[in-house]
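Visitor: Take a look at query-v1.tsv, TSV, C-alpha atoms:
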chain	number	residue	atom	x	y	z
A	1	MET	CA	13.64	-6.40	149.08
A	2	SER	CA	12.48	-4.63	145.94
A	3	LEU	CA	9.25	-2.67	145.86
A	4	HIS	CA	7.79	-5.09	143.30
A	5	LYS	CA	8.55	-8.19	145.46
A	6	PHE	CA	7.18	-6.44	148.57
A	7	ALA	CA	3.94	-5.63	146.77
A	8	MET	CA	3.55	-9.24	145.60
A	9	TRP	CA	4.23	-10.55	149.13
A	10	PHE	CA	1.67	-8.14	150.62
A	11	ILE	CA	-1.00	-9.13	148.10
A	12	CYS	CA	-0.42	-12.86	148.66
A	13	PHE	CA	-0.48	-12.43	152.43
A	14	GLY	CA	-3.68	-10.43	152.22
A	15	VAL	CA	-5.41	-13.06	150.11
A	16	ALA	CA	-4.34	-15.82	152.48
A	17	PHE	CA	-5.52	-13.87	155.51
A	18	SER	CA	-8.86	-13.13	153.89
A	19	THR	CA	-9.34	-16.83	153.01
A	20	VAL	CA	-8.64	-17.94	156.59
A	21	ALA	CA	-10.96	-15.30	158.03
A	22	ASN	CA	-13.80	-16.28	155.70
A	23	ALA	CA	-13.27	-19.97	156.50
A	24	LYS	CA	-13.94	-19.28	160.18
A	25	GLU	CA	-17.12	-17.35	159.51
A	26	GLN	CA	-20.25	-19.49	159.46
A	27	PRO	CA	-23.24	-18.41	157.40
A	28	PRO	CA	-26.40	-17.84	159.42
A	29	GLN	CA	-28.91	-20.67	159.61
A	30	VAL	CA	-32.18	-19.67	157.99
A	31	ILE	CA	-35.60	-21.16	158.75
A	32	ALA	CA	-38.64	-20.27	156.65
A	33	TRP	CA	-41.96	-20.73	158.41
A	34	PRO	CA	-44.13	-22.51	157.55
A	35	ALA	CA	-41.87	-25.09	155.94
A	36	THR	CA	-44.36	-25.64	153.10
A	37	GLY	CA	-46.61	-23.28	151.20
A	38	THR	CA	-46.34	-19.49	151.34
A	39	THR	CA	-43.61	-18.26	153.68
A	40	VAL	CA	-44.93	-15.99	156.43
A	41	LEU	CA	-41.81	-15.50	158.55
A	42	ARG	CA	-38.13	-15.93	157.84
A	43	PHE	CA	-35.73	-16.39	160.75
A	44	SER	CA	-31.94	-16.12	160.54
A	45	PHE	CA	-29.76	-17.44	163.40
A	46	SER	CA	-26.15	-16.44	163.96
A	47	LYS	CA	-23.47	-18.73	165.35
A	48	PHE	CA	-24.37	-20.19	168.76
A	49	LYS	CA	-22.23	-18.86	171.60
A	50	GLU	CA	-21.91	-20.87	174.80
A	51	LEU	CA	-22.71	-18.90	177.96
A	52	SER	CA	-22.29	-21.62	180.58
A	53	SER	CA	-22.39	-25.37	181.15
A	54	VAL	CA	-23.25	-27.71	184.01
A	55	GLY	CA	-22.39	-31.34	183.33
A	56	LYS	CA	-23.86	-32.20	179.94
A	57	GLN	CA	-26.21	-29.20	179.92
A	58	HIS	CA	-25.04	-26.18	177.93
A	59	LEU	CA	-26.60	-22.73	177.69
A	60	TYR	CA	-26.19	-21.02	174.31
A	61	THR	CA	-27.19	-17.63	172.96
A	62	THR	CA	-27.75	-16.61	169.34
A	63	ASP	CA	-28.67	-13.43	167.49
A	64	VAL	CA	-31.98	-13.80	165.65
A	65	THR	CA	-33.35	-11.79	162.74
A	66	ALA	CA	-37.06	-12.19	161.97
A	67	GLU	CA	-38.66	-10.82	158.81
A	68	ASN	CA	-42.43	-10.56	158.26
A	69	LEU	CA	-43.12	-11.69	154.68
A	70	TRP	CA	-46.87	-11.74	155.24
A	71	ASN	CA	-49.18	-9.02	153.97
A	72	LYS	CA	-50.57	-8.35	157.46
A	73	LYS	CA	-49.25	-7.18	160.78
A	74	ILE	CA	-48.35	-10.01	163.15
A	75	SER	CA	-49.70	-9.03	166.55
A	76	ARG	CA	-48.13	-11.92	168.44
A	77	ALA	CA	-46.46	-15.18	167.48
A	78	GLU	CA	-44.71	-17.66	169.78
A	79	PHE	CA	-42.57	-20.64	168.81
A	80	VAL	CA	-40.65	-23.44	170.48
A	81	LEU	CA	-37.22	-23.81	168.89
A	82	TYR	CA	-36.17	-27.48	168.97
A	83	VAL	CA	-32.51	-28.27	168.28
A	84	TYR	CA	-31.07	-31.58	167.06
A	85	ASP	CA	-27.64	-33.19	166.84
A	86	LYS	CA	-26.12	-34.77	163.72
A	87	SER	CA	-28.08	-37.98	164.34
A	88	LYS	CA	-31.37	-36.02	164.28
A	89	VAL	CA	-31.83	-36.63	168.02
A	90	ARG	CA	-33.45	-33.72	169.85
A	91	VAL	CA	-30.97	-32.37	172.39
A	92	GLY	CA	-32.58	-29.14	173.59
A	93	GLU	CA	-34.96	-26.28	173.01
A	94	GLY	CA	-35.46	-22.54	173.25
A	95	TRP	CA	-38.30	-20.03	172.98
A	96	ILE	CA	-39.01	-17.30	170.40
A	97	ALA	CA	-41.72	-14.65	170.56
A	98	ILE	CA	-42.34	-11.65	168.27
A	99	SER	CA	-45.05	-9.00	168.49
A	100	ASP	CA	-46.39	-6.02	166.48
A	101	VAL	CA	-44.30	-6.79	163.39
A	102	THR	CA	-45.64	-4.99	160.31
A	103	PRO	CA	-45.38	-6.33	156.74
A	104	ALA	CA	-41.79	-6.33	155.43
A	105	GLU	CA	-40.49	-5.26	158.86
A	106	VAL	CA	-37.30	-6.84	160.17
A	107	VAL	CA	-36.74	-7.26	163.91
A	108	LYS	CA	-33.57	-8.37	165.69
A	109	PHE	CA	-33.20	-9.92	169.13
A	110	GLN	CA	-31.33	-12.59	171.08
A	111	THR	CA	-32.58	-15.89	172.40
A	112	THR	CA	-31.09	-18.58	174.61
A	113	ILE	CA	-31.11	-22.33	174.10
A	114	THR	CA	-30.48	-25.12	176.57
A	115	ALA	CA	-28.98	-28.24	174.98
A	116	SER	CA	-27.33	-31.46	176.10
A	117	GLY	CA	-25.21	-31.86	172.96
A	118	SER	CA	-23.85	-30.20	169.83
A	119	ILE	CA	-26.45	-28.38	167.73
A	120	SER	CA	-26.62	-29.42	164.08
A	121	SER	CA	-30.14	-28.47	162.97
A	122	MET	CA	-33.25	-26.68	164.24
A	123	GLU	CA	-37.03	-26.79	163.97
A	124	LEU	CA	-39.66	-24.15	164.78
A	125	VAL	CA	-42.97	-25.37	166.22
A	126	PRO	CA	-45.66	-22.68	166.69
A	127	GLN	CA	-47.39	-22.41	170.06
A	128	SER	CA	-49.44	-19.24	169.65
A	129	LEU	CA	-50.41	-17.46	166.41
A	130	PRO	CA	-52.75	-14.69	165.20
A	131	THR	CA	-56.28	-15.84	164.43
A	132	GLU	CA	-55.70	-15.92	160.68
A	133	LEU	CA	-52.69	-18.21	161.08
A	134	GLN	CA	-54.04	-20.55	163.74
A	135	PRO	CA	-54.86	-23.32	161.22
A	136	ALA	CA	-51.06	-23.75	161.00
A	137	LEU	CA	-50.88	-24.68	164.69
A	138	PRO	CA	-50.18	-28.36	165.43
A	139	PRO	CA	-53.30	-30.24	166.59
A	140	LYS	CA	-54.00	-30.09	170.31
A	141	THR	CA	-53.20	-33.32	172.12
A	142	ILE	CA	-54.40	-34.69	175.46
A	143	SER	CA	-52.19	-36.87	177.68
A	144	VAL	CA	-53.99	-40.10	178.63
A	145	THR	CA	-52.60	-42.93	180.75
A	146	VAL	CA	-53.55	-46.26	179.19
A	147	ASN	CA	-53.41	-49.29	181.47
A	148	SER	CA	-54.64	-52.86	181.50
A	149	VAL	CA	-55.40	-55.69	183.91
A	150	PRO	CA	-53.04	-57.46	183.90
A	151	GLN	CA	-50.37	-54.96	182.89
A	152	GLY	CA	-47.89	-55.57	180.08
A	153	ALA	CA	-50.41	-55.64	177.24
A	154	ASP	CA	-49.48	-54.32	173.80
A	155	VAL	CA	-51.67	-51.43	172.71
A	156	LYS	CA	-52.61	-50.13	169.28
A	157	MET	CA	-54.50	-46.88	168.73
A	158	ASP	CA	-56.34	-46.60	165.45
A	159	GLY	CA	-54.21	-49.45	164.14
A	160	ALA	CA	-50.83	-47.95	165.08
A	161	PRO	CA	-48.73	-49.42	167.94
A	162	VAL	CA	-48.33	-47.01	170.88
A	163	GLY	CA	-46.48	-49.19	173.42
A	164	THR	CA	-47.02	-51.52	176.34
A	165	THR	CA	-49.24	-50.82	179.36
A	166	PRO	CA	-48.97	-48.79	181.47
A	167	LYS	CA	-48.29	-46.09	178.86
A	168	ILE	CA	-48.91	-42.33	178.59
A	169	VAL	CA	-50.11	-41.51	175.07
A	170	GLN	CA	-50.85	-38.23	173.33
A	171	VAL	CA	-54.35	-38.25	171.83
A	172	ILE	CA	-55.91	-35.64	169.53
A	173	PRO	CA	-59.61	-34.81	170.04
A	174	GLY	CA	-61.95	-37.19	168.27
A	175	LYS	CA	-63.04	-40.82	168.30
A	176	HIS	CA	-60.37	-43.51	168.56
A	177	THR	CA	-60.11	-47.27	169.00
A	178	LEU	CA	-57.70	-48.95	171.41
A	179	VAL	CA	-56.84	-52.62	170.88
A	180	PHE	CA	-55.20	-54.57	173.74
A	181	SER	CA	-53.37	-57.86	173.30
A	182	LYS	CA	-51.27	-59.99	175.63
A	183	GLU	CA	-49.92	-63.50	175.31
A	184	GLY	CA	-52.20	-65.90	177.11
A	185	PHE	CA	-55.26	-63.61	177.09
A	186	ASN	CA	-58.04	-62.89	174.67
A	187	PRO	CA	-57.52	-59.52	172.91
A	188	GLY	CA	-59.93	-56.68	173.57
A	189	THR	CA	-61.12	-53.43	171.99
A	190	PHE	CA	-61.92	-50.19	173.80
A	191	PRO	CA	-63.58	-47.15	172.15
A	192	LEU	CA	-62.07	-43.84	173.27
A	193	GLU	CA	-63.50	-40.38	172.59
A	194	ILE	CA	-61.63	-37.17	173.42
A	195	THR	CA	-63.30	-33.75	173.28
A	196	PRO	CA	-61.46	-30.43	172.79
A	197	ASN	CA	-62.42	-29.43	176.34
A	198	ASP	CA	-60.84	-32.48	177.98
A	199	VAL	CA	-57.74	-31.87	180.10
A	200	SER	CA	-54.58	-33.93	180.27
A	201	GLY	CA	-54.17	-36.43	183.05
A	202	GLY	CA	-57.06	-38.77	182.37
A	203	SER	CA	-56.68	-42.53	182.36
A	204	VAL	CA	-58.10	-45.63	180.72
A	205	SER	CA	-57.89	-49.11	182.26
A	206	TYR	CA	-58.99	-52.17	180.32
A	207	GLU	CA	-59.44	-55.62	181.86
A	208	LEU	CA	-58.32	-58.29	179.46
A	209	GLY	CA	-60.60	-60.78	181.19
A	210	VAL	CA	-60.44	-64.55	180.87
A	211	SER	CA	-57.17	-66.09	179.89
A	212	ALA	CA	-57.14	-67.83	176.55
A	213	HIS	CA	-54.99	-70.62	178.02
A	214	ASP	CA	-54.60	-72.66	181.15
A	215	THR	CA	-52.20	-71.23	183.71
A	216	LEU	CA	-49.75	-72.93	186.03
A	217	GLU	CA	-48.39	-70.84	188.90
A	218	LEU	CA	-45.19	-72.45	190.17
A	219	ARG	CA	-43.86	-72.22	193.69
A	220	ASP	CA	-40.83	-70.22	192.52
A	221	GLY	CA	-43.20	-67.46	191.34
A	222	SER	CA	-43.03	-68.16	187.59
A	223	ILE	CA	-46.15	-68.49	185.45
A	224	LEU	CA	-46.65	-70.99	182.65
A	225	SER	CA	-49.43	-70.39	180.10
A	226	GLY	CA	-50.56	-73.17	177.78
A	227	ASP	CA	-53.02	-76.03	177.44
A	228	VAL	CA	-53.04	-78.65	180.21
A	229	GLN	CA	-53.18	-82.09	178.58
A	230	SER	CA	-53.45	-84.20	181.71
A	231	MET	CA	-52.58	-84.18	185.39
A	232	SER	CA	-52.13	-86.64	188.24
A	233	ALA	CA	-51.07	-86.56	191.86
A	234	THR	CA	-47.41	-86.49	190.81
A	235	GLU	CA	-47.18	-84.61	187.51
A	236	VAL	CA	-48.83	-82.20	185.08
A	237	PHE	CA	-48.51	-82.32	181.29
A	238	ILE	CA	-48.96	-78.93	179.61
A	239	ARG	CA	-48.60	-77.96	175.95
A	240	ILE	CA	-46.70	-74.65	175.52
A	241	GLY	CA	-45.98	-73.40	172.02
A	242	GLY	CA	-46.72	-76.79	170.53
A	243	VAL	CA	-44.36	-78.63	172.90
A	244	ILE	CA	-45.63	-80.79	175.77
A	245	GLN	CA	-43.77	-80.24	179.04
A	246	ASN	CA	-43.81	-82.51	182.10
A	247	ILE	CA	-44.01	-80.56	185.39
A	248	ASN	CA	-43.53	-82.16	188.81
A	249	ARG	CA	-46.76	-81.63	190.78
A	250	ASN	CA	-44.74	-80.56	193.86
A	251	GLN	CA	-43.47	-77.57	191.84
A	252	VAL	CA	-47.02	-76.37	191.13
A	253	LYS	CA	-48.66	-73.94	193.52
A	254	ARG	CA	-51.90	-73.30	191.63
A	255	ILE	CA	-53.61	-74.47	188.44
A	256	ALA	CA	-56.16	-72.28	186.60
A	257	LEU	CA	-58.08	-74.10	183.89
A	258	VAL	CA	-59.98	-72.32	181.11
A	259	GLN	CA	-63.45	-73.56	180.35
A	260	ARG	CA	-63.58	-74.87	176.78
A	261	ASP	CA	-66.55	-75.42	174.56
A	262	PRO	CA	-67.28	-79.10	173.89
A	263	PRO	CA	-66.21	-80.27	170.44
A	264	SER	CA	-68.95	-79.97	167.86
A	265	GLU	CA	-70.40	-83.21	166.56
Write the structure described by the file as structure tokens, please.
Guide:
Amino acid sequence: MSLHKFAMWFICFGVAFSTVANAKEQPPQVIAWPATGTTVLRFSFSKFKELSSVGKQHLYTTDVTAENLWNKKISRAEFVLYVYDKSKVRVGEGWIAISDVTPAEVVKFQTTITASGSISSMELVPQSLPTELQPALPPKTISVTVNSVPQGADVKMDGAPVGTTPKIVQVIPGKHTLVFSKEGFNPGTFPLEITPNDVSGGSVSYELGVSAHDTLELRDGSILSGDVQSMSATEVFIRIGGVIQNINRNQVKRIALVQRDPPSE
């Protein structure tokens, strides 16, 4: 092989090797906090390395670089690092804490993350910040168990659906309005006030009260809710959803009739 051909082969091989090596390297993921407004901290995360796994749970580690872009020293800042898969479903979390970081200072450390799937994206949620940055903290929430009698009522809080009773809801301090509704019962409203000093674990139970319809309890345990049109010793006629049904009286265990106002003249 001539010297010229050898040199060309070496150069081509070197370019190919460099391209393959760069293709395997992944750029660090960078998160600026806060996500809007003036950036205070910038975090860079290296490639996640798996340390161990048990079933679907995986333990990863990553090298983190944090840079203070603020004009003041950060005495202490703590964040939860939430991780998501490609479908934006949260699959795990980690913890990040920095302390005594002066302006323009860069600190490096490692953190671990537990996840039940592949990590595609991340989110930083502050848990503890210096006094000057505390307005950036997410609002404090209180866990409240909302229930009803009977259970299975749909609940709205301040006009937004929150689920079906019994339900644990997260409530921020302040005044709120709960609205309960259940097929066959009159809806009801419950005022709820949460103070900043309240602790999680409280409960609210609302009794829906009188049924809006007549109720037939059958011997097989099922409940029919509607308007009884007539009844005899052998049968009951009840209107359910606009359709009149004929029920054998022997099938009926109990009949609960709702008192109705007399028709106005």
Visitor: Which one of A:Val91, A:Val236, A:Ile98, A:Ile244 sits closest to Met122 in chain A if you count only C-alpha atoms?
Guide: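 Residue with the minimum atom-to-atom distance to Met122 in chain A: A:Val91.
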Visitor: What's around Phe237 in chain A at 12 Å? Count all atoms listed in the file, leave out sequence neighbours fewer than 6 positions away in its own chain, and write the answer as a ChimeraX atom specification.
Guide: /A:214-216,224,226-231,243-249,252,255
Visitor: Could you tell me how far CA of Pro166 in chain A sits from CA of Gln151 in chain A, in Å to one decimal place?
Guide: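 Here the two named atoms are 6.5 Å from each other.
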Visitor: Quick one: residues within 7 Å of Ile172 in chain A, only C-alpha atoms counted, chain neighbours fewer than 2 positions away excluded, as a ChimeraX atom specification?
Guide: /A:139-142,170,174
Visitor: What does the distance from CA of Lys49 in chain A to CA of Gly92 in chain A come to in Å, to one decimal?
Guide: 14.7 Å
Visitor: Give me, please, the distance in Å between CA of Ser203 in chain A and CA of Phe79 in chain A, quoted to one decimal.
Guide: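 We find that CA of Ser203 in chain A and CA of Phe79 in chain A lie 29.4 Å from each other.
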Visitor: List the spatial neighbours of Lys156 in chain A as a list in words - criterion: any atom at most 12 Å away, only C-alpha atoms, same-chain residues fewer than 6 positions off excluded.
Guide: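 The residues satisfying every condition are Val146, Val162, Gly163, Thr164, Thr165, Lys167, Val169, His176, Thr177, Leu178, Val179, Phe180, Ser181, Lys182, Pro187, Gly188, Thr189, Phe190 and Pro191 of chain A.
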Visitor: Rank nothing, just name the residue among A:Ser99, A:Thr39, A:Glu105, A:Phe48 nearest to Glu67 in chain A, using only C-alpha atoms.
Guide: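 Closest candidate: A:Glu105.
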Visitor: Mind filling out range 139-160 of chain A with N, CA, C and O atoms and sending it as a compact mmCIF listing (two decimals), in the frame of the given file?
Guide:
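Produced file selection12.txt, reproduced below:
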# COMPACT_ATOMS: atom_id res chain seq x y z
N PRO A 139 -52.06 -29.86 165.89
CA PRO A 139 -53.30 -30.24 166.59
C PRO A 139 -53.06 -30.39 168.08
O PRO A 139 -52.02 -30.87 168.52
N LYS A 140 -54.07 -29.97 168.85
CA LYS A 140 -54.00 -30.09 170.31
C LYS A 140 -54.03 -31.57 170.69
O LYS A 140 -54.77 -32.36 170.10
N THR A 141 -53.21 -31.94 171.66
CA THR A 141 -53.20 -33.32 172.12
C THR A 141 -53.48 -33.37 173.63
O THR A 141 -53.19 -32.42 174.35
N ILE A 142 -54.07 -34.46 174.05
CA ILE A 142 -54.40 -34.69 175.46
C ILE A 142 -53.59 -35.90 175.94
O ILE A 142 -53.53 -36.93 175.27
N SER A 143 -52.95 -35.76 177.10
CA SER A 143 -52.19 -36.87 177.68
C SER A 143 -53.15 -37.82 178.41
O SER A 143 -53.90 -37.40 179.29
N VAL A 144 -53.12 -39.08 178.02
CA VAL A 144 -53.99 -40.10 178.63
C VAL A 144 -53.12 -41.29 179.04
O VAL A 144 -52.30 -41.77 178.25
N THR A 145 -53.30 -41.74 180.28
CA THR A 145 -52.60 -42.93 180.75
C THR A 145 -53.43 -44.16 180.40
O THR A 145 -54.57 -44.29 180.83
N VAL A 146 -52.85 -45.04 179.61
CA VAL A 146 -53.55 -46.26 179.19
C VAL A 146 -52.97 -47.43 179.97
O VAL A 146 -51.76 -47.66 179.94
N ASN A 147 -53.85 -48.16 180.65
CA ASN A 147 -53.41 -49.29 181.47
C ASN A 147 -54.28 -50.50 181.17
O ASN A 147 -55.30 -50.41 180.48
N SER A 148 -53.87 -51.64 181.70
CA SER A 148 -54.64 -52.86 181.50
C SER A 148 -54.49 -53.75 182.72
O SER A 148 -53.58 -53.59 183.53
N VAL A 149 -55.45 -54.68 182.86
CA VAL A 149 -55.40 -55.69 183.91
C VAL A 149 -55.44 -57.06 183.24
O VAL A 149 -56.44 -57.42 182.63
N PRO A 150 -54.33 -57.81 183.29
CA PRO A 150 -53.04 -57.46 183.90
C PRO A 150 -52.26 -56.48 183.03
O PRO A 150 -52.57 -56.28 181.86
N GLN A 151 -51.21 -55.88 183.63
CA GLN A 151 -50.37 -54.96 182.89
C GLN A 151 -49.46 -55.72 181.92
O GLN A 151 -49.37 -56.94 181.96
N GLY A 152 -48.80 -54.95 181.04
CA GLY A 152 -47.89 -55.57 180.08
C GLY A 152 -48.55 -55.94 178.77
O GLY A 152 -47.99 -56.71 177.99
N ALA A 153 -49.74 -55.35 178.50
CA ALA A 153 -50.41 -55.64 177.24
C ALA A 153 -49.92 -54.68 176.16
O ALA A 153 -49.63 -53.51 176.42
N ASP A 154 -49.79 -55.18 174.94
CA ASP A 154 -49.48 -54.32 173.80
C ASP A 154 -50.73 -53.57 173.37
O ASP A 154 -51.83 -54.14 173.33
N VAL A 155 -50.53 -52.29 173.05
CA VAL A 155 -51.67 -51.43 172.71
C VAL A 155 -51.49 -50.83 171.32
O VAL A 155 -50.40 -50.38 170.97
N LYS A 156 -52.56 -50.84 170.55
CA LYS A 156 -52.61 -50.13 169.28
C LYS A 156 -53.73 -49.10 169.34
O LYS A 156 -54.80 -49.39 169.89
N MET A 157 -53.46 -47.91 168.81
CA MET A 157 -54.50 -46.88 168.73
C MET A 157 -54.75 -46.56 167.27
O MET A 157 -53.83 -46.16 166.55
N ASP A 158 -55.96 -46.80 166.84
CA ASP A 158 -56.34 -46.60 165.45
C ASP A 158 -55.42 -47.38 164.51
O ASP A 158 -55.04 -46.90 163.43
N GLY A 159 -55.02 -48.57 164.96
CA GLY A 159 -54.21 -49.45 164.14
C GLY A 159 -52.72 -49.27 164.26
O GLY A 159 -51.95 -50.09 163.74
N ALA A 160 -52.26 -48.22 164.95
CA ALA A 160 -50.83 -47.95 165.08
C ALA A 160 -50.35 -48.32 166.48
O ALA A 160 -50.98 -47.94 167.47
